[in-house]
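What follows is the content of start-v7.csv, which has CSV, C-alpha atoms:
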```csv
chain,number,residue,atom,x,y,z
N,1,MET,CA,-62.9,-222.3,176.6
N,2,LYS,CA,-60.8,-223.3,179.7
N,3,ARG,CA,-61.0,-227.1,178.9
N,4,GLN,CA,-60.1,-226.4,175.3
N,5,ARG,CA,-57.1,-224.3,176.3
N,6,GLN,CA,-55.9,-226.9,178.9
N,7,ALA,CA,-56.3,-229.7,176.3
N,8,GLU,CA,-54.1,-227.5,174.0
N,9,ILE,CA,-51.5,-227.1,176.7
N,10,LEU,CA,-51.3,-230.9,177.0
N,11,ALA,CA,-50.9,-231.2,173.2
N,12,ILE,CA,-48.2,-228.5,173.3
N,13,ILE,CA,-46.1,-230.2,176.0
N,14,SER,CA,-46.3,-233.5,174.1
N,15,GLU,CA,-44.9,-231.8,171.0
N,16,PHE,CA,-42.4,-229.3,172.3
N,17,GLU,CA,-40.0,-228.9,175.2
N,18,ILE,CA,-41.6,-225.9,176.9
N,19,GLU,CA,-39.1,-224.5,179.4
N,20,ASN,CA,-41.1,-221.6,180.9
N,21,GLN,CA,-44.6,-220.0,181.1
N,22,GLU,CA,-43.7,-217.4,178.5
N,23,MET,CA,-42.9,-220.1,175.9
N,24,MET,CA,-46.2,-221.7,176.8
N,25,ARG,CA,-48.1,-218.4,176.4
N,26,GLU,CA,-46.5,-217.9,173.0
N,27,LYS,CA,-47.4,-221.4,171.7
N,28,LEU,CA,-51.0,-220.9,172.9
N,29,GLN,CA,-51.1,-217.5,171.2
N,30,GLU,CA,-49.9,-219.2,167.9
N,31,ARG,CA,-52.9,-221.5,168.2
N,32,GLY,CA,-55.4,-218.8,168.8
N,33,PHE,CA,-55.5,-218.6,172.6
N,34,LEU,CA,-54.8,-215.1,173.8
N,35,VAL,CA,-53.9,-215.5,177.4
N,36,THR,CA,-51.9,-213.8,180.2
N,37,GLN,CA,-49.0,-215.4,182.1
N,38,ALA,CA,-51.3,-215.6,185.1
N,39,THR,CA,-53.8,-217.7,183.2
N,40,VAL,CA,-51.0,-220.0,182.0
N,41,SER,CA,-49.8,-220.3,185.6
N,42,ARG,CA,-53.2,-221.3,186.8
N,43,ASP,CA,-53.6,-223.8,184.0
N,44,ILE,CA,-50.3,-225.4,184.7
N,45,ASN,CA,-51.3,-225.7,188.4
N,46,ASP,CA,-54.8,-227.1,187.5
N,47,LEU,CA,-53.2,-229.7,185.2
N,48,SER,CA,-50.6,-230.6,187.9
N,49,LEU,CA,-47.8,-230.1,185.4
N,50,GLU,CA,-44.2,-230.2,186.7
N,51,LYS,CA,-40.8,-229.4,185.5
N,52,ALA,CA,-38.6,-232.4,184.7
N,53,LEU,CA,-35.7,-233.2,182.5
N,54,SER,CA,-36.6,-234.3,179.0
N,55,GLU,CA,-34.8,-237.1,177.1
N,56,ASN,CA,-32.6,-234.3,175.7
N,57,GLY,CA,-31.7,-233.0,179.1
N,58,VAL,CA,-34.0,-229.9,178.9
N,59,SER,CA,-35.9,-228.8,182.0
N,60,CYS,CA,-39.4,-228.5,180.7
N,61,TYR,CA,-43.1,-228.9,181.6
N,62,MET,CA,-44.4,-232.5,181.7
N,63,LYS,CA,-47.4,-234.3,183.1
N,64,ALA,CA,-47.1,-235.0,186.8
N,65,ARG,CA,-45.3,-238.2,187.7
N,66,SER,CA,-47.4,-241.0,189.1
N,67,ALA,CA,-47.3,-241.9,192.8
N,68,ASN,CA,-45.3,-245.0,191.8
N,69,ARG,CA,-42.7,-242.8,190.1
N,70,ARG,CA,-42.4,-240.5,193.2
N,71,HIS,CA,-42.1,-243.6,195.4
N,72,PHE,CA,-39.3,-244.9,193.1
N,73,GLU,CA,-37.5,-241.6,193.2
N,74,ASN,CA,-37.6,-241.6,197.0
N,75,ILE,CA,-36.2,-245.1,197.3
N,76,PHE,CA,-33.7,-244.5,194.6
N,77,SER,CA,-32.4,-241.2,195.9
N,78,GLN,CA,-31.9,-242.7,199.4
N,79,SER,CA,-30.2,-245.9,198.1
N,80,VAL,CA,-27.9,-244.8,195.3
N,81,THR,CA,-24.3,-243.7,195.8
N,82,ARG,CA,-23.0,-243.7,192.2
N,83,ILE,CA,-24.2,-244.2,188.6
N,84,GLU,CA,-22.0,-245.1,185.6
N,85,GLU,CA,-22.4,-246.3,182.1
N,86,ALA,CA,-20.3,-248.7,180.1
N,87,GLY,CA,-21.5,-249.2,176.6
N,88,ASN,CA,-25.1,-250.1,176.8
N,89,ILE,CA,-24.9,-251.2,180.5
N,90,VAL,CA,-25.7,-248.9,183.4
N,91,CYS,CA,-24.1,-249.7,186.8
N,92,VAL,CA,-25.9,-248.3,189.8
N,93,LYS,CA,-24.0,-248.6,193.1
N,94,CYS,CA,-26.2,-248.5,196.3
N,95,HIS,CA,-25.7,-248.6,200.0
N,96,SER,CA,-25.2,-252.1,201.2
N,97,GLY,CA,-28.5,-254.1,201.2
N,98,LEU,CA,-30.6,-251.6,199.3
N,99,ALA,CA,-30.0,-252.6,195.7
N,100,ASN,CA,-32.8,-255.2,195.5
N,101,ALA,CA,-35.4,-252.7,196.7
N,102,ALA,CA,-34.2,-250.0,194.4
N,103,CYS,CA,-34.1,-252.5,191.5
N,104,ALA,CA,-37.5,-253.9,192.1
N,105,THR,CA,-39.0,-250.5,192.1
N,106,PHE,CA,-37.0,-249.5,189.0
N,107,ASP,CA,-38.4,-252.6,187.2
N,108,SER,CA,-41.9,-251.6,188.0
N,109,MET,CA,-41.4,-248.3,186.1
N,110,ASN,CA,-41.1,-250.0,182.7
N,111,ILE,CA,-38.7,-247.4,181.3
N,112,GLU,CA,-38.4,-247.5,177.6
N,113,GLY,CA,-35.1,-248.7,176.2
N,114,VAL,CA,-34.4,-251.0,179.1
N,115,VAL,CA,-34.0,-254.7,178.3
N,116,GLY,CA,-33.6,-256.0,181.9
N,117,THR,CA,-31.9,-255.7,185.2
N,118,ILE,CA,-29.8,-257.8,187.7
N,119,SER,CA,-29.3,-256.7,191.3
N,120,GLY,CA,-27.2,-257.9,194.1
N,121,ASP,CA,-26.6,-256.5,197.6
N,122,ASP,CA,-25.2,-253.2,196.6
N,123,THR,CA,-25.1,-253.1,192.8
N,124,ILE,CA,-27.7,-253.0,190.0
N,125,PHE,CA,-26.8,-253.7,186.4
N,126,ILE,CA,-29.3,-252.3,183.8
N,127,LEU,CA,-29.0,-253.5,180.3
N,128,ALA,CA,-30.1,-250.8,177.9
N,129,ARG,CA,-31.1,-251.5,174.3
N,130,THR,CA,-28.4,-249.1,172.9
N,131,GLU,CA,-25.6,-247.0,174.1
N,132,ASN,CA,-27.7,-243.9,173.5
N,133,ASP,CA,-30.5,-245.4,175.6
N,134,ALA,CA,-27.9,-246.0,178.4
N,135,LYS,CA,-26.8,-242.4,178.2
N,136,LYS,CA,-30.4,-241.1,178.4
N,137,LEU,CA,-31.0,-243.5,181.4
N,138,VAL,CA,-27.9,-242.2,183.2
N,139,THR,CA,-29.2,-238.6,182.8
N,140,LEU,CA,-32.6,-239.6,184.0
N,141,LEU,CA,-31.3,-241.5,187.0
N,142,LYS,CA,-28.8,-238.8,188.0
N,143,SER,CA,-31.6,-236.3,188.0
N,144,MET,CA,-33.4,-238.4,190.7
N,145,ILE,CA,-30.5,-238.3,193.2
```

Would you mind writing the file's structure down as structure tokens?
Amino acid sequence: MKRQRQAEILAIISEFEIENQEMMREKLQERGFLVTQATVSRDINDLSLEKALSENGVSCYMKARSANRRHFENIFSQSVTRIEEAGNIVCVKCHSGLANAACATFDSMNIEGVVGTISGDDTIFILARTENDAKKLVTLLKSMI
């Protein structure tokens, strides 16, 4: 029963932006799993789910980020001083000498909607596929600093 419930939780978070444990409990109940908040809490912990911003800017449960993602966020948060968008280009300003490291790590993340990057000593240009992709990318990147 626990495995089935936890598999259902993963299905739910892939379909919906679940903002809190009560929302998760209600979705599970709709699908035939009568559980308490404490059970939901244990399942979230067992599955290593974490809160993060969705593409829509909603703080919701998601699968845990990979070690590579956490490594990127650490490098990125310590390197970046400013993030701006202009059309479908995102400009990331960094402390002098840190843009190459931040950019190389960013490139390894293979973020959807990114066409390519160029970095210099203190600046990274990220070419997004669309203006909307650039806006989403700015929101994601700003959540990391």

For a test of reading the model, state the distance in Å between atom CA of Thr139 of chain N and atom CA of Leu53 of chain N, rounded to one decimal. 8.5 Å

Please compute the atom CA of Asp133 of chain N-atom CA of Met109 of chain N distance, one decimal, in Å. 15.4 Å

Give me the residues near Ala38 of chain N as a PyMOL selection string, where near means some atom within 10 Å (using only C-alpha atoms) and where sequence neighbours in that chain fewer than 5 positions away do not count. chain N and resi 21+25+43-44

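Note that atom CA of Cys91 of chain N and atom CA of Gly120 of chain N are 11.4 Å apart.
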
Out of N:Ser59, N:Thr123, N:Thr39, N:Ser77, which residue has the shortest atom-to-atom distance to Glu19 of chain N when counting all atoms listed in the file? N:Ser59

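Residue nearest Phe33 of chain N, chosen from N:Cys60, N:Gln4, N:Ala11, N:Asp46 and counting only C-alpha atoms: N:Gln4.
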
Nearby residues, (-23.0, -254.5, 198.2) file frame, 12 Å, all atoms listed in the file, as a PyMOL selection string: chain N and resi 79-81+92-100+119-124
